[in-house]
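To keep things clear, I will list the structure first and then write my remarks on it.
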Protein chains: 2
Amino acid sequence: MSGDVGDPGLKLDSYLPYRLSVASNAVSGLIARAYEDRFALTVPQWRLLCVLAEDGRLSQVQIVARTVMDKVTVSRAAQGLVKRRLIGRSQNTSDGRSHVLTLTPEGRGLHAEIAPLALAYEAALIAGLAPEEVTLLKRLLGRLQSAAGQLAGEAPSSPSLR
Amino acid sequence: MSGDVGDPGLKLDSYLPYRLSVASNAVSGLIARAYEDRFALTVPQWRLLCVLAEDGRLSQVQIVARTVMDKVTVSRAAQGLVKRRLIGRSQNTSDGRSHVLTLTPEGRGLHAEIAPLALAYEAALIAGLAPEEVTLLKRLLGRLQSAAGQLAGEAPSSPSLR
DNA sequence: CTGCATTAATTAGATACCTAACTAATTATG
DNA sequence: CATAATTAGTTAGGTATCTAATTAATGCAG
């Protein structure tokens with residue numbers, strides 16, 4: 001607390017990327033542990049179950065575009081889910097490279113079982129927040145995400161990305 | 001096979017832990033790349049430089065308490081910084097186990113060099129946000145963090161949660 | 001029809017992180 | 001004062017993730 005600091009403008013506790021990372025790690029760790037302990041699912045696997053439950057049939061590239069996960073992460077998550085018979089893969093008749101992923105009945109059942117738990121966690125996390133605060137929070141997170149994406153895409157220091 | 005979705009209440013895009021994770025990954029990735037590319041610093045190393053620049057002399061346990069990093073992460077970050085002569089370690093005379101970390105002049109200089117860049121990134125990220133939105137965002141992130149900590153069974157990690 | 005670039009997906013290697021186990025120094029307790 | 005219990009810090013092992021390189025299928029130019 002002694003004030004002899006050369007950079008009064010940079011305080012870690014009020015630095016937004018730091019606050020965002022710490023909060024996200026706390027929340028993600030909580031959720032990840034819940035899925036892992038009770039259902040032996042990783043977070044990427046759970047996300048696959050969610051998007052397939054929402055959208056029906058998707059290829060892996062579509063999942064990569066839909067979520068913001070790496071294609072390797074999606075590939076590994078899909079392998080694990082196929083092995084547990086929670087999703088199925090069928091050949092895409094029009095494109096021999098891509099496989100279409102769908103939930104099996106077991107996968108659908110597991111998703112239906114976990115979804116209330118996931119919503120309960122979310123409800124517990126935002127219990128102290130007003131609904132309009134939650135709405136604003138989500139909007140602000142979206143703005144930060146797109147701002148980060150733009151800044152990363154501009155690549156001020158490296159004009160050649162290949 | 002239209003949208004036969006059993007859980008209209010769980011939409012991934014509006015699920016807060018997901019939004020938080022995606023936004024944090026985007027921002028962290030941007031920042032991490034900047035530190036890594038230009039200064040060969042990992043994020044934990046940068047955080048050590050920051051807290052030492054702010055607080056002066058700290059032991060590793062104090063840094064663990066101050067930031068929310070794991071002690072292993074702190075240990076390795078400190079090793080790398082010592083090797084580059086950016087921080088120094090001195091024996092604590094009153095406790096032979098603990099070492100006191102301080103910035104070297106080089107470390108202080110590097111911190112002073114990076115800090116404006118870090119602040120510029122933050123400014124670019126929040127460029128489209130009103131100041132009161134930023135304030136609210138930080139407060140909401142703090143609330144989520146402490147809520148997650150409580151749900152995980154921990155005590156609130158830092159007494160200075162404002 | 002044939003090469004050439006692109007795309008979907010997997011595999012491999014390197015790095016980072018977390019949980020545990022471990023060493024060494026300190027404190028508490030009998 | 002001896003010994004057990006804590007604490008500071010490091011090392012090790014397993015796992016997850018990112019970057020690159022690879023395989024296989026598609027589309028396009030000549």
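Going through the structure tokens in order, the chains are called A, B, and so on, while each chain numbers its residues from 1 and the ligands are numbered from 1 in the order shown.
For chain B placed onto chain A with an all-Cα least-squares superposition, the residual RMSD comes to 5.1 Å.
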**Asked** Can you list, as a ChimeraX atom specification, every protein, DNA or RNA residue that comes within 6 Å of Gln145 in chain A when you count only C-alpha atoms (C1' of nucleotides), leaving out same-chain residues fewer than 2 positions away?
**Response** /A:142-143,147-148 /B:23,26
Sorted by chain and rising residue number, list the residues of chain B at most 12 Å from chain C (counting only C-alpha atoms (C1' of nucleotides)), each with its closest atom pair and distance in Å to one decimal, as JSON lines.
```
{"residue": "B:Thr42", "atom": "CA", "partner": "C:DA16", "partner_atom": "C1'", "distance": 10.1}
{"residue": "B:Val43", "atom": "CA", "partner": "C:DA16", "partner_atom": "C1'", "distance": 11.2}
{"residue": "B:Pro44", "atom": "CA", "partner": "C:DA16", "partner_atom": "C1'", "distance": 10.9}
{"residue": "B:Met69", "atom": "CA", "partner": "C:DC17", "partner_atom": "C1'", "distance": 10.7}
{"residue": "B:Asp70", "atom": "CA", "partner": "C:DC18", "partner_atom": "C1'", "distance": 8.4}
{"residue": "B:Lys71", "atom": "CA", "partner": "C:DC18", "partner_atom": "C1'", "distance": 10.5}
{"residue": "B:Val72", "atom": "CA", "partner": "C:DC18", "partner_atom": "C1'", "distance": 8.8}
{"residue": "B:Thr73", "atom": "CA", "partner": "C:DC17", "partner_atom": "C1'", "distance": 7.9}
{"residue": "B:Val74", "atom": "CA", "partner": "C:DC17", "partner_atom": "C1'", "distance": 11.6}
{"residue": "B:Arg76", "atom": "CA", "partner": "C:DA16", "partner_atom": "C1'", "distance": 10.7}
{"residue": "B:Ala77", "atom": "CA", "partner": "C:DA16", "partner_atom": "C1'", "distance": 11.4}
{"residue": "B:Asn92", "atom": "CA", "partner": "C:DA25", "partner_atom": "C1'", "distance": 11.7}
{"residue": "B:Ser94", "atom": "CA", "partner": "C:DT26", "partner_atom": "C1'", "distance": 10.2}
{"residue": "B:Asp95", "atom": "CA", "partner": "C:DT26", "partner_atom": "C1'", "distance": 7.6}
{"residue": "B:Gly96", "atom": "CA", "partner": "C:DA25", "partner_atom": "C1'", "distance": 6.1}
{"residue": "B:Arg97", "atom": "CA", "partner": "C:DA25", "partner_atom": "C1'", "distance": 5.4}
{"residue": "B:Ser98", "atom": "CA", "partner": "C:DA25", "partner_atom": "C1'", "distance": 9.0}
```
Restricting it to all heavy atoms, dump the selection as a CSV table (one decimal), in the first residue's frame.
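What landed in part-v3.csv:
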```csv
chain,number,residue,atom,x,y,z
B,42,THR,N,5.7,-14.7,-20.5
B,42,THR,CA,4.4,-15.4,-20.4
B,42,THR,C,3.5,-14.5,-19.5
B,42,THR,O,4.0,-13.5,-18.9
B,42,THR,CB,4.5,-16.7,-19.7
B,42,THR,OG1,5.0,-16.5,-18.3
B,42,THR,CG2,5.5,-17.6,-20.4
B,43,VAL,N,2.2,-14.8,-19.5
B,43,VAL,CA,1.3,-14.0,-18.7
B,43,VAL,C,1.6,-14.0,-17.2
B,43,VAL,O,1.6,-13.0,-16.6
B,43,VAL,CB,-0.2,-14.4,-19.0
B,43,VAL,CG1,-1.1,-13.8,-18.0
B,43,VAL,CG2,-0.6,-13.9,-20.4
B,44,PRO,N,1.9,-15.2,-16.7
B,44,PRO,CA,2.3,-15.3,-15.3
B,44,PRO,C,3.5,-14.4,-15.0
B,44,PRO,O,3.6,-13.7,-14.0
B,44,PRO,CB,2.5,-16.7,-15.0
B,44,PRO,CG,1.6,-17.4,-16.0
B,44,PRO,CD,1.7,-16.6,-17.2
B,69,MET,N,-2.9,-16.9,-8.8
B,69,MET,CA,-2.2,-18.0,-9.5
B,69,MET,C,-1.8,-19.1,-8.6
B,69,MET,O,-1.7,-19.0,-7.4
B,69,MET,CB,-1.0,-17.4,-10.2
B,69,MET,CG,-1.3,-16.4,-11.3
B,69,MET,SD,0.1,-15.9,-12.2
B,69,MET,CE,0.9,-14.8,-11.0
B,70,ASP,N,-1.6,-20.3,-9.2
B,70,ASP,CA,-1.1,-21.4,-8.5
B,70,ASP,C,0.4,-21.2,-8.0
B,70,ASP,O,1.1,-20.5,-8.7
B,70,ASP,CB,-1.2,-22.7,-9.4
B,70,ASP,CG,-0.9,-23.9,-8.6
B,70,ASP,OD1,-1.8,-24.4,-7.9
B,70,ASP,OD2,0.2,-24.5,-8.7
B,71,LYS,N,0.7,-21.8,-6.9
B,71,LYS,CA,2.1,-21.6,-6.5
B,71,LYS,C,3.1,-22.2,-7.4
B,71,LYS,O,4.3,-21.7,-7.5
B,71,LYS,CB,2.3,-22.2,-5.1
B,71,LYS,CG,2.1,-23.7,-4.9
B,71,LYS,CD,2.4,-24.2,-3.5
B,71,LYS,CE,2.2,-25.7,-3.4
B,71,LYS,NZ,2.5,-26.2,-2.1
B,72,VAL,N,2.8,-23.3,-8.1
B,72,VAL,CA,3.7,-23.9,-9.1
B,72,VAL,C,3.9,-22.9,-10.2
B,72,VAL,O,5.0,-22.7,-10.7
B,72,VAL,CB,3.2,-25.2,-9.6
B,72,VAL,CG1,4.1,-25.7,-10.7
B,72,VAL,CG2,3.0,-26.2,-8.5
B,73,THR,N,2.8,-22.3,-10.7
B,73,THR,CA,2.9,-21.3,-11.7
B,73,THR,C,3.8,-20.1,-11.3
B,73,THR,O,4.7,-19.7,-12.1
B,73,THR,CB,1.5,-20.8,-12.1
B,73,THR,OG1,0.7,-21.9,-12.4
B,73,THR,CG2,1.6,-19.8,-13.2
B,74,VAL,N,3.6,-19.7,-10.1
B,74,VAL,CA,4.5,-18.6,-9.6
B,74,VAL,C,5.9,-19.0,-9.5
B,74,VAL,O,6.8,-18.3,-9.9
B,74,VAL,CB,3.9,-18.1,-8.2
B,74,VAL,CG1,4.9,-17.2,-7.5
B,74,VAL,CG2,2.6,-17.5,-8.3
B,76,ARG,N,7.6,-21.2,-11.3
B,76,ARG,CA,8.2,-21.3,-12.6
B,76,ARG,C,8.4,-19.9,-13.2
B,76,ARG,O,9.4,-19.6,-13.9
B,76,ARG,CB,7.4,-22.2,-13.5
B,76,ARG,CG,7.7,-23.7,-13.2
B,76,ARG,CD,7.7,-24.5,-14.4
B,76,ARG,NE,6.4,-25.1,-14.6
B,76,ARG,CZ,6.1,-26.4,-14.2
B,76,ARG,NH1,7.0,-27.1,-13.6
B,76,ARG,NH2,5.0,-26.9,-14.4
B,77,ALA,N,7.4,-19.1,-13.0
B,77,ALA,CA,7.5,-17.8,-13.6
B,77,ALA,C,8.7,-17.0,-12.9
B,77,ALA,O,9.5,-16.4,-13.6
B,77,ALA,CB,6.2,-17.0,-13.3
B,92,ASN,N,15.2,-14.5,3.0
B,92,ASN,CA,14.5,-13.8,4.1
B,92,ASN,C,15.3,-14.1,5.4
B,92,ASN,O,15.4,-15.3,5.8
B,92,ASN,CB,13.1,-14.3,4.2
B,92,ASN,CG,12.3,-13.5,5.2
B,92,ASN,OD1,12.8,-12.9,6.1
B,92,ASN,ND2,11.0,-13.6,5.0
B,94,SER,N,14.6,-13.7,8.4
B,94,SER,CA,13.8,-14.2,9.6
B,94,SER,C,13.2,-15.6,9.3
B,94,SER,O,12.7,-16.2,10.2
B,94,SER,CB,12.7,-13.2,9.9
B,94,SER,OG,11.8,-13.1,8.9
B,95,ASP,N,13.2,-16.0,8.0
B,95,ASP,CA,12.6,-17.3,7.7
B,95,ASP,C,13.4,-17.9,6.5
B,95,ASP,O,13.4,-17.5,5.4
B,95,ASP,CB,11.2,-17.1,7.3
B,95,ASP,CG,10.5,-18.5,7.1
B,95,ASP,OD1,11.2,-19.5,6.8
B,95,ASP,OD2,9.2,-18.5,7.2
B,96,GLY,N,14.2,-18.9,6.8
B,96,GLY,CA,15.1,-19.5,5.8
B,96,GLY,C,14.5,-20.1,4.7
B,96,GLY,O,15.1,-20.4,3.7
B,97,ARG,N,13.2,-20.4,4.8
B,97,ARG,CA,12.5,-21.1,3.7
B,97,ARG,C,12.1,-20.1,2.6
B,97,ARG,O,12.1,-20.4,1.4
B,97,ARG,CB,11.2,-21.8,4.2
B,97,ARG,CG,11.4,-22.8,5.1
B,97,ARG,CD,10.1,-23.2,5.8
B,97,ARG,NE,9.5,-22.1,6.5
B,97,ARG,CZ,8.4,-22.2,7.2
B,97,ARG,NH1,7.7,-23.3,7.2
B,97,ARG,NH2,8.0,-21.1,7.9
B,98,SER,N,11.7,-18.9,3.0
B,98,SER,CA,11.1,-18.0,2.0
B,98,SER,C,12.2,-17.0,1.4
B,98,SER,O,13.1,-16.6,2.1
B,98,SER,CB,10.0,-17.2,2.7
B,98,SER,OG,10.5,-16.0,3.2
```
May I have all residues of chain B that DSSP, computed from the backbone, assigns to strand (DSSP E), given as a PDB file with C-alpha atoms, in the first residue's frame?
```pdb
ATOM      1  CA  LEU B  58       7.034  -9.922  -1.932  1.00  0.00           C
ATOM      2  CA  SER B  59       7.548 -13.580  -1.154  1.00  0.00           C
ATOM      3  CA  ILE B  87      13.917 -10.008 -10.698  1.00  0.00           C
ATOM      4  CA  GLY B  88      16.195 -10.884  -7.829  1.00  0.00           C
ATOM      5  CA  ARG B  89      15.715 -13.236  -4.914  1.00  0.00           C
ATOM      6  CA  SER B  90      17.168 -12.597  -1.503  1.00  0.00           C
ATOM      7  CA  GLN B  91      17.040 -14.829   1.548  1.00  0.00           C
ATOM      8  CA  HIS B  99      12.839 -15.845  -0.529  1.00  0.00           C
ATOM      9  CA  VAL B 100      11.971 -12.249  -1.158  1.00  0.00           C
ATOM     10  CA  LEU B 101      11.466 -11.233  -4.763  1.00  0.00           C
ATOM     11  CA  THR B 102      12.200  -7.744  -6.038  1.00  0.00           C
ATOM     12  CA  LEU B 103      12.499  -6.118  -9.416  1.00  0.00           C
TER      13      LEU B 103
END
```
**Message:** Select, as a PyMOL selection string, those residues of chain D with any atom no more than 12 Å from chain A (distances computed using only C-alpha atoms (C1' of nucleotides)).
**Reply:** chain D and resi 15-20+23-27
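Residue nearest chain A within the list B:Ala120, B:Val22, B:Leu110, B:Val82: B:Val22 [criterion: smallest interatomic distance, only C-alpha atoms].
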**Message:** So, with only C-alpha atoms as the atoms that count, which of A:Leu119, A:Ala65, A:Leu86, A:Ala130 lies closest to chain B?
**Reply:** A:Leu119
Counting only C-alpha atoms (C1' of nucleotides), what is within 12 Å of range 131-133 of chain A, bar same-chain residues fewer than 6 positions away, as an mmCIF file with all heavy atoms, in the first residue's frame?
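For reference, out13.cif as written:
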```cif
data_model
loop_
_atom_site.group_PDB
_atom_site.id
_atom_site.type_symbol
_atom_site.label_atom_id
_atom_site.label_comp_id
_atom_site.auth_asym_id
_atom_site.auth_seq_id
_atom_site.Cartn_x
_atom_site.Cartn_y
_atom_site.Cartn_z
ATOM 1 N N ALA A 123 -27.702 -20.003 -12.487
ATOM 2 C CA ALA A 123 -28.604 -19.254 -11.606
ATOM 3 C C ALA A 123 -27.923 -18.912 -10.289
ATOM 4 O O ALA A 123 -28.069 -17.802 -9.763
ATOM 5 C CB ALA A 123 -29.873 -20.072 -11.356
ATOM 6 N N ARG A 139 -23.814 -8.473 -22.933
ATOM 7 C CA ARG A 139 -23.559 -7.592 -24.073
ATOM 8 C C ARG A 139 -22.136 -7.049 -24.038
ATOM 9 O O ARG A 139 -21.456 -6.994 -25.062
ATOM 10 C CB ARG A 139 -24.575 -6.458 -24.086
ATOM 11 C CG ARG A 139 -24.571 -5.685 -25.404
ATOM 12 C CD ARG A 139 -25.783 -4.794 -25.548
ATOM 13 N NE ARG A 139 -25.752 -3.647 -24.679
ATOM 14 C CZ ARG A 139 -26.662 -3.361 -23.754
ATOM 15 N NH1 ARG A 139 -27.688 -4.173 -23.576
ATOM 16 N NH2 ARG A 139 -26.568 -2.274 -23.024
ATOM 17 N N LEU A 140 -21.690 -6.690 -22.847
ATOM 18 C CA LEU A 140 -20.337 -6.152 -22.729
ATOM 19 C C LEU A 140 -19.303 -7.234 -23.055
ATOM 20 O O LEU A 140 -18.286 -6.955 -23.701
ATOM 21 C CB LEU A 140 -20.109 -5.603 -21.315
ATOM 22 C CG LEU A 140 -20.964 -4.387 -20.951
ATOM 23 C CD1 LEU A 140 -20.703 -3.961 -19.515
ATOM 24 C CD2 LEU A 140 -20.719 -3.241 -21.918
ATOM 25 N N GLU B 133 -20.028 1.823 -17.821
ATOM 26 C CA GLU B 133 -20.177 0.416 -18.205
ATOM 27 C C GLU B 133 -18.947 -0.382 -17.788
ATOM 28 O O GLU B 133 -19.045 -1.526 -17.343
ATOM 29 C CB GLU B 133 -20.396 0.300 -19.720
ATOM 30 C CG GLU B 133 -21.771 0.757 -20.175
ATOM 31 C CD GLU B 133 -21.944 0.627 -21.683
ATOM 32 O OE1 GLU B 133 -20.978 0.899 -22.431
ATOM 33 O OE2 GLU B 133 -23.050 0.267 -22.108
ATOM 34 N N LEU B 136 -19.061 -0.945 -14.081
ATOM 35 C CA LEU B 136 -20.038 -1.975 -13.746
ATOM 36 C C LEU B 136 -19.517 -3.353 -14.141
ATOM 37 O O LEU B 136 -19.663 -4.325 -13.394
ATOM 38 C CB LEU B 136 -21.365 -1.682 -14.465
ATOM 39 C CG LEU B 136 -22.484 -2.696 -14.209
ATOM 40 C CD1 LEU B 136 -22.794 -2.781 -12.722
ATOM 41 C CD2 LEU B 136 -23.735 -2.332 -14.995
ATOM 42 N N LEU B 137 -18.897 -3.434 -15.306
ATOM 43 C CA LEU B 137 -18.361 -4.717 -15.760
ATOM 44 C C LEU B 137 -17.372 -5.281 -14.748
ATOM 45 O O LEU B 137 -17.449 -6.455 -14.371
ATOM 46 C CB LEU B 137 -17.685 -4.532 -17.118
ATOM 47 C CG LEU B 137 -16.962 -5.747 -17.693
ATOM 48 C CD1 LEU B 137 -17.910 -6.916 -17.868
ATOM 49 C CD2 LEU B 137 -16.296 -5.399 -19.023
ATOM 50 N N LYS B 138 -16.471 -4.452 -14.281
ATOM 51 C CA LYS B 138 -15.492 -4.933 -13.302
ATOM 52 C C LYS B 138 -16.175 -5.392 -12.025
ATOM 53 O O LYS B 138 -15.800 -6.406 -11.437
ATOM 54 C CB LYS B 138 -14.470 -3.832 -12.999
ATOM 55 C CG LYS B 138 -13.520 -3.547 -14.146
ATOM 56 C CD LYS B 138 -12.563 -2.415 -13.803
ATOM 57 C CE LYS B 138 -11.676 -2.076 -14.995
ATOM 58 N NZ LYS B 138 -10.836 -0.887 -14.733
ATOM 59 N N ARG B 139 -17.178 -4.637 -11.616
ATOM 60 C CA ARG B 139 -17.862 -5.031 -10.382
ATOM 61 C C ARG B 139 -18.583 -6.370 -10.571
ATOM 62 O O ARG B 139 -18.544 -7.237 -9.706
ATOM 63 C CB ARG B 139 -18.840 -3.938 -9.964
ATOM 64 C CG ARG B 139 -19.342 -4.119 -8.556
ATOM 65 C CD ARG B 139 -20.025 -2.879 -8.012
ATOM 66 N NE ARG B 139 -21.317 -2.642 -8.608
ATOM 67 C CZ ARG B 139 -21.630 -1.543 -9.299
ATOM 68 N NH1 ARG B 139 -20.726 -0.609 -9.467
ATOM 69 N NH2 ARG B 139 -22.821 -1.404 -9.802
ATOM 70 N N LEU B 140 -19.209 -6.528 -11.718
ATOM 71 C CA LEU B 140 -19.938 -7.777 -11.962
ATOM 72 C C LEU B 140 -18.970 -8.952 -12.050
ATOM 73 O O LEU B 140 -19.263 -10.037 -11.553
ATOM 74 C CB LEU B 140 -20.758 -7.657 -13.246
ATOM 75 C CG LEU B 140 -21.896 -6.631 -13.200
ATOM 76 C CD1 LEU B 140 -22.606 -6.564 -14.543
ATOM 77 C CD2 LEU B 140 -22.881 -6.970 -12.099
ATOM 78 N N LEU B 141 -17.831 -8.739 -12.667
ATOM 79 C CA LEU B 141 -16.839 -9.808 -12.735
ATOM 80 C C LEU B 141 -16.387 -10.205 -11.331
ATOM 81 O O LEU B 141 -16.225 -11.400 -11.036
ATOM 82 C CB LEU B 141 -15.640 -9.357 -13.571
ATOM 83 C CG LEU B 141 -15.875 -9.217 -15.073
ATOM 84 C CD1 LEU B 141 -14.642 -8.638 -15.759
ATOM 85 C CD2 LEU B 141 -16.245 -10.550 -15.697
ATOM 86 N N ARG B 143 -18.137 -9.985 -8.644
ATOM 87 C CA ARG B 143 -19.212 -10.731 -8.000
ATOM 88 C C ARG B 143 -19.250 -12.172 -8.492
ATOM 89 O O ARG B 143 -19.444 -13.097 -7.720
ATOM 90 C CB ARG B 143 -20.549 -10.066 -8.303
ATOM 91 C CG ARG B 143 -20.652 -8.700 -7.672
ATOM 92 C CD ARG B 143 -21.887 -8.602 -6.819
ATOM 93 N NE ARG B 143 -22.403 -7.253 -6.859
ATOM 94 C CZ ARG B 143 -23.592 -6.940 -7.373
ATOM 95 N NH1 ARG B 143 -24.356 -7.884 -7.858
ATOM 96 N NH2 ARG B 143 -23.988 -5.702 -7.363
ATOM 97 N N LEU B 144 -19.083 -12.350 -9.799
ATOM 98 C CA LEU B 144 -19.080 -13.712 -10.335
ATOM 99 C C LEU B 144 -17.941 -14.519 -9.727
ATOM 100 O O LEU B 144 -18.097 -15.682 -9.359
ATOM 101 C CB LEU B 144 -18.933 -13.680 -11.857
ATOM 102 C CG LEU B 144 -20.136 -13.221 -12.653
ATOM 103 C CD1 LEU B 144 -19.808 -13.239 -14.133
ATOM 104 C CD2 LEU B 144 -21.334 -14.118 -12.368
#
```
**Asked** Which neighbours of Leu151 in chain A fall inside 9 Å, counting only C-alpha atoms (C1' of nucleotides), when residues of the same chain fewer than 5 positions from it are skipped, and could you give them as an NGL selection string?
**Response** (:A and (146 or 156)) or (:B and (30 or 121 or 124-125))
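Proximity to chain A was assessed for B:Gly80, B:Val61, B:Lys11, B:Ala32 counting only C-alpha atoms; the smallest distance is recorded for B:Lys11.
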**Asked** What is the CA of Ala78 in chain B to CA of Gln60 in chain B distance in Å?
**Response**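 Between CA of Ala78 in chain B and CA of Gln60 in chain B the gap is 8.4 Å.
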**Message:** Measuring between only C-alpha atoms, which one of B:Leu49, B:Arg85, B:Val27, B:Asp13 shows the shortest distance to chain A?
**Reply:** B:Val27
**Item:** Between CA of Val134 in chain A and CA of Asp55 in chain A - distance in Å to one decimal
**Value:**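 Spanning CA of Asp55 in chain A to CA of Val134 in chain A is a straight-line distance of 24.8 Å.
Taking CA of Tyr18 in chain A as the reference point, CA of Ala127 in chain A is found at 23.4 Å.
In this comparison, which uses only C-alpha atoms, the residue of B:Arg47, B:Glu36, B:Pro105, B:Ser75 approaching chain A most closely is B:Arg47.
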